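K.L.:
One structure coming up, written as structure tokens, with questions to follow.
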Amino acid sequence: MTYLEAIRTAMSEEMQRDDNVFVLGEDIGKGGVMNATKGMRDRFGEWRVLDTPLTESAIVGVAIGAAMGGMRPIAEIQFADFIYPATNQIISEAAKIRYRSNNDWYCPVVIRAPYGATGGGGLYHSQCPESVFFGTPGLKIVAPSSAYDAKGLLKASIRDNDPVLYFEHKKCYLYVSDEVPDEDYTVPIGKAAVKREGGDITVIAYGMAVHHALKAADELEKEDISVHVLDLRTLQPLDQPAILEAAAKTGKIMIFHEDNKTGGVGAEAAAILAEQLLYELDAPVIRFCPPDIPAVGMSPTLEKFFLPTADRVKEAMRRLAEL
Amino acid sequence: MSSPHAGRHRQLGLTDEQTLQMYTNMLLARKFDERATLIQRSGKTAFHISSIGQEAAQVGAAFALEKQHDYFLPYYRDYALVLSVGMTVRELMLALFLKAEDVNGGRQMPGHFGYRKHHIVTASSPVGTQVLHAVGFSLMSLIKKQNCVAFVTFGEGASNQGDVHEGFNFAGVFKLPVIFMCENNRYAISVPEHRQVAGRVVDRAAGYGFPGVRVDGNDALEVYRAVKEARERALRGAGPTLIEAVMYRIAPHSTSDDDMLYRTKEEVEYHREQDGIASFRRYLFDCGILNEELDRHVTDHVNREVNEAAKYADQAPYPAPEQALLHVYAESAGDDGCRS
């Protein structure tokens with residue numbers, strides 16, 4: 001099953017299971033511009049697959065109200081690049097509702113945000129806005145890399161009693177396909193997964209970067225470089241024990257993501273290692289991330305320069321192994 | 001019956017008892033407000049934000065709605081509203097004193113209401129955000145056939161926020177059962193209405209395809225009528241209504257504000273004369289519902305309630321410091337983790 005089908009299946013199964021679950025967003029009635037909700041309006045009706053006006057703050061704000069009213073909304077942001085008008089609703093409202101009301105109110109909303117570059121998206125159809133929301137207590141953030149995790153984490157997010165920001169990488173939609181069981185399951189929020197065992201270097205990644213890292217690791221194996229790959233899966237709360245365990249295995253750590261380097265998830269992971277594992281490190285912690293420029297340029301040459309690729313990360317991984 | 005208008009409340013479907021209760025609630029909010037200002041000035045509490053001049057409209061609206069059934073999304077001056085839909089003056093005092101027993105556990109500034117049991121939805125400080133939540137509640141009501149409305153208030157300053165306009169449009173498109181009430185008190189902190197709002201707030205409704213009604217916010221019965229009609233419209237599927245209740249903020253923006261920097265004593269005095277509580281009192285006298293003796297009794301009762309509440313809240317313990325760490329997320333998976 002593809003990653004995209006996994007997302008659609010998770011939504012459909014949860015809507016079948018619980019009448020309180022519904023989806024709202026722009027153009028989702030016809031299936032959404034990504035096809036994530038394809039066929040769902042026919043099955044569940046227009047009120048449960050609700051085409052909204054073109055207003056991101058309202059999509060999230062209305063979802064928050066409905067969630068406090070007992071429903072389990074899935075708010076779809078068409079492209080993560082367009083999420084910023086809703087930032088106040090996410091950070092000032094959703095993330096603080098339980099805390100500010102002293103546990104009187106809570107807000108079980110899921111905000112799905114298709115993120116990342118796929119080629120030809122330019123500045124505003126390619127962004128990775130994780131770092132804007134990362135570090136907001138009260139908010140959970142997930143970013144699956146496999147179809148199995150996409151389904152299991154989306155189900156877990158819908159059933160969670162706190163707001164979850166669900167980053168789905170657009171490049172994974174059709175590129176990633178793996179075994180997804182028919183039976184109901186969830187993937188716990190807050191748990192990373194070891195994707196590959198290795199002894200020379202550790203790569204910590206999430207989203208599409210996991211696939212680049214795995215491809216590079218396969219190639220480096222031919223050069224007798226053994227790579228351990230940890231997929232964070234959840235960005236907030238970070239799975240600290242898993243990060244420390246994966247790092248301690250090799251002592252040479254690279255953190256790899258498509259979001260900008262400064263202030264990204266990698267900075268926090270590096271800080272965790274500096275605080276808790278410094279004396280077990282055999283090399284400086286490396287962050288392999290795009291440069292601190294606003295976003296991906298549209299022209300193929302600019303995009304290629306910005307984006308991490310398996311080839312480029314492989315070179316950086318080899319250098320780390322040779323240190 | 002000395003006034004030609006005496007009996008208006010009965011024509012609107014309100015009993016004499018309800019009308020007297022409306023007066024009592026206005027007075028309770030006013031006395032709480034005056035006491036809270038004094039308590040802050042004495043240095044016992046950090047902050048108070050006043051609603052003096054806005055009580056009549058708030059009570060009028062509350063009585064047109066159904067307690068613990070409809071959803072209330074008040075803004076930070078709605079003391080008389082929350083007192084009318086279930087909160088007690090003791091709870092308001094506990095919030096003022098930031099004590100552990102406060103509904104919000106002393107976490108929020110006073111005036112940031114929320115009380116799930118009474119369908120009062122938790123509020124934040126960035127203005128206007130609650131309008132979208134109200135639309136969300138009304139969407140829930142429609143999808144789940146709850147037959148209830150969401151009632152949301154905001155100031156004329158907040159009426160400029162994008163969230164308010166996005167909420168109007170969203171509710172207009174789907175004809176949702178929501179009532180928007182702007183408490184136009186003529187000032188957004190220091191900036192007067194004419195420098196804050198282009199055109200009139202009420203006219204904005206036309207742009208979103210639903211009716212706007214402008215009412216005298218000092219006339220509790222007029223506000224009651226407008227909200228009642230809006231509720232009936234909402235429940236028969238005709239969609240939202242915007243009500244602009246025009247009033248005047250008698251007090252400074254908050255205890256941290258000096259209003260003499262931007263308006264005159266004369267202007268404030270002029271508006272104090274239009275006080276909606278005083279005119280409602282006169283109306284009750286005209287109807288024979290209230291007399292000097294009963295008024296003294298009501299006032300004494302309200303004063304006693306405020307005194308007892310202030311004393312209780314003053315003596316109540318603060319939250320334990322480590323309470324700060326609780327309720328960032330649900331404590332355990334599987335249940336909602338909430339109190340009520």
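Just so we're on the same page: first chain in the structure tokens is A, next is B, and so on; residues restart at 1 for each chain, and ligands are numbered from 1 in the order they show up.
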May I ask you to extract the residues of chain A within 6 Å of chain B, using only C-alpha atoms, and to give them as a list in words?
P.N.:
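Matching residues, ligands excluded from the count: Ala58, Gly61, Val62, Ala63, Gly65, Ala66, Gly69, Tyr99, Ser101, Asn102, Asn103, Asp104, Gly138 and Asn161 of chain A.
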K.L.:
Need to verify the contact set: range 190-203 of chain A, 10 Å, only C-alpha atoms, exclusion of same-chain residues closer than 3 positions in sequence. Can you return it as number ranges by chain?
P.N.:
A: 140-142, 144, 149, 153, 187, 206, 209-211, 213-214, 217-218, 221, 224-243, 246-256, 282-283, 286-288, 317-318, 320-322
K.L.:
Please identify the strand (DSSP E or B) residues within range 14-241 of chain B (assignment by DSSP from backbone atoms) and present them as a list in words.
P.N.:
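So, restricting range 14-241 of chain B to strand (DSSP E or B), we get Tyr71, Phe72, Leu73, Tyr115, Ile120, Ala150, Phe151, Val152, Thr153, Phe154, Gly155, Val178, Ile179, Phe180, Met181, Cys182, Glu183, Asn184, Tyr187, Ala188, Val191, Pro192, Gly212, Val213, Arg214, Val215, Asp216 and Thr241 of chain B.
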K.L.:
Looking only at helix (DSSP H, G or I) from DSSP on the backbone, list the matching residues of range 91-179 of chain A as a ChimeraX atom specification.
P.N.:
/A:91-100,130-133,147-159,172-175
K.L.:
Extract, using only C-alpha atoms, all DNA, RNA and protein residues at most 8 Å from Thr37 in chain A, discarding same-chain residues fewer than 5 positions from it, and format them as a PDB file with all heavy atoms, in the first residue's frame.
P.N.:
```
ATOM      1  N   ARG A   8      -5.310   7.744   3.563  1.00  0.00           N
ATOM      2  CA  ARG A   8      -6.734   7.702   3.235  1.00  0.00           C
ATOM      3  C   ARG A   8      -7.433   6.563   3.985  1.00  0.00           C
ATOM      4  O   ARG A   8      -8.525   6.741   4.532  1.00  0.00           O
ATOM      5  CB  ARG A   8      -6.901   7.509   1.722  1.00  0.00           C
ATOM      6  CG  ARG A   8      -8.328   7.650   1.237  1.00  0.00           C
ATOM      7  CD  ARG A   8      -8.446   7.291  -0.242  1.00  0.00           C
ATOM      8  NE  ARG A   8      -7.516   8.045  -1.059  1.00  0.00           N
ATOM      9  CZ  ARG A   8      -6.702   7.500  -1.970  1.00  0.00           C
ATOM     10  NH1 ARG A   8      -6.693   6.191  -2.173  1.00  0.00           N
ATOM     11  NH2 ARG A   8      -5.884   8.253  -2.678  1.00  0.00           N
ATOM     12  N   ILE A  28     -11.311  19.255  -0.570  1.00  0.00           N
ATOM     13  CA  ILE A  28     -11.208  17.843  -0.178  1.00  0.00           C
ATOM     14  C   ILE A  28     -12.400  17.025  -0.685  1.00  0.00           C
ATOM     15  O   ILE A  28     -12.311  15.813  -0.787  1.00  0.00           O
ATOM     16  CB  ILE A  28     -11.046  17.667   1.347  1.00  0.00           C
ATOM     17  CG1 ILE A  28     -12.276  18.151   2.109  1.00  0.00           C
ATOM     18  CG2 ILE A  28      -9.779  18.390   1.829  1.00  0.00           C
ATOM     19  CD1 ILE A  28     -12.273  17.732   3.555  1.00  0.00           C
ATOM     20  N   GLY A  29     -13.502  17.706  -1.013  1.00  0.00           N
ATOM     21  CA  GLY A  29     -14.674  16.991  -1.519  1.00  0.00           C
ATOM     22  C   GLY A  29     -14.355  16.238  -2.798  1.00  0.00           C
ATOM     23  O   GLY A  29     -14.730  15.079  -2.963  1.00  0.00           O
ATOM     24  N   LYS A  30     -13.631  16.879  -3.684  1.00  0.00           N
ATOM     25  CA  LYS A  30     -13.290  16.217  -4.956  1.00  0.00           C
ATOM     26  C   LYS A  30     -12.135  15.238  -4.777  1.00  0.00           C
ATOM     27  O   LYS A  30     -11.725  14.576  -5.714  1.00  0.00           O
ATOM     28  CB  LYS A  30     -12.924  17.260  -6.007  1.00  0.00           C
ATOM     29  CG  LYS A  30     -11.613  17.992  -5.726  1.00  0.00           C
ATOM     30  CD  LYS A  30     -10.860  18.362  -6.996  1.00  0.00           C
ATOM     31  CE  LYS A  30      -9.475  18.885  -6.663  1.00  0.00           C
ATOM     32  NZ  LYS A  30      -8.466  18.535  -7.639  1.00  0.00           N
ATOM     33  N   GLY A  31     -11.630  15.159  -3.541  1.00  0.00           N
ATOM     34  CA  GLY A  31     -10.530  14.231  -3.274  1.00  0.00           C
ATOM     35  C   GLY A  31      -9.287  14.940  -2.765  1.00  0.00           C
ATOM     36  O   GLY A  31      -8.327  14.302  -2.349  1.00  0.00           O
ATOM     37  N   GLY A  32      -9.320  16.277  -2.794  1.00  0.00           N
ATOM     38  CA  GLY A  32      -8.157  17.049  -2.347  1.00  0.00           C
ATOM     39  C   GLY A  32      -7.144  17.176  -3.461  1.00  0.00           C
ATOM     40  O   GLY A  32      -7.117  16.344  -4.379  1.00  0.00           O
ATOM     41  N   VAL A  49     -16.949  15.232   4.978  1.00  0.00           N
ATOM     42  CA  VAL A  49     -15.772  15.517   4.141  1.00  0.00           C
ATOM     43  C   VAL A  49     -16.049  16.917   3.609  1.00  0.00           C
ATOM     44  O   VAL A  49     -16.531  17.102   2.502  1.00  0.00           O
ATOM     45  CB  VAL A  49     -15.608  14.467   3.023  1.00  0.00           C
ATOM     46  CG1 VAL A  49     -14.328  14.725   2.219  1.00  0.00           C
ATOM     47  CG2 VAL A  49     -15.552  13.056   3.616  1.00  0.00           C
TER      48      VAL A  49
END
```
K.L.:
Of the candidates A:Val21, A:Ile189, A:Ala80, A:Leu244, which shows the shortest atom-to-atom distance to Val164 in chain A, using only C-alpha atoms?
P.N.:
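Counting only C-alpha atoms, the residue closest to Val164 in chain A is A:Ile189.
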K.L.:
Any idea what's packed within 10 Å of range 83-87 of chain A, counting only C-alpha atoms, ignoring anything in its chain fewer than 5 positions away? Could you give it as a list of chain:residue names?
P.N.:
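The residues satisfying every condition are A:Thr55, A:Glu56, A:Ser57, A:Ala58, A:Ile59, A:Val60, A:Gly61, A:Glu76, A:Ile77, A:Gln78, A:Ser92, A:Glu93, A:Ala94, A:Ile111, A:Arg112, A:Ala113, A:Pro114, A:Pro129, A:Val132, A:Phe133, B:Gly162, B:Asp163.
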K.L.:
Skipping near chain neighbours, those fewer than 4 positions away, what residues fall within 12 Å of Val215 in chain B using only C-alpha atoms, listed as a PyMOL selection string?
P.N.:
chain B and resi 56-57+60-61+181-184+201-202+219-227+242-247
K.L.:
Residues near Phe305 in chain A, anyone? I mean within 10 Å using only C-alpha atoms, not counting same-chain ones fewer than 6 positions away, as a PDB file with C-alpha atoms, in the first residue's frame.
P.N.:
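Here's the written file result35.pdb:
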```
ATOM      1  CA  PRO A 290      19.586  22.368   3.656  1.00  0.00           C
ATOM      2  CA  PRO A 291      21.205  25.779   3.984  1.00  0.00           C
ATOM      3  CA  VAL A 296      13.428  25.839  -2.303  1.00  0.00           C
ATOM      4  CA  GLY A 297      13.961  27.727  -5.556  1.00  0.00           C
TER       5      GLY A 297
END
```
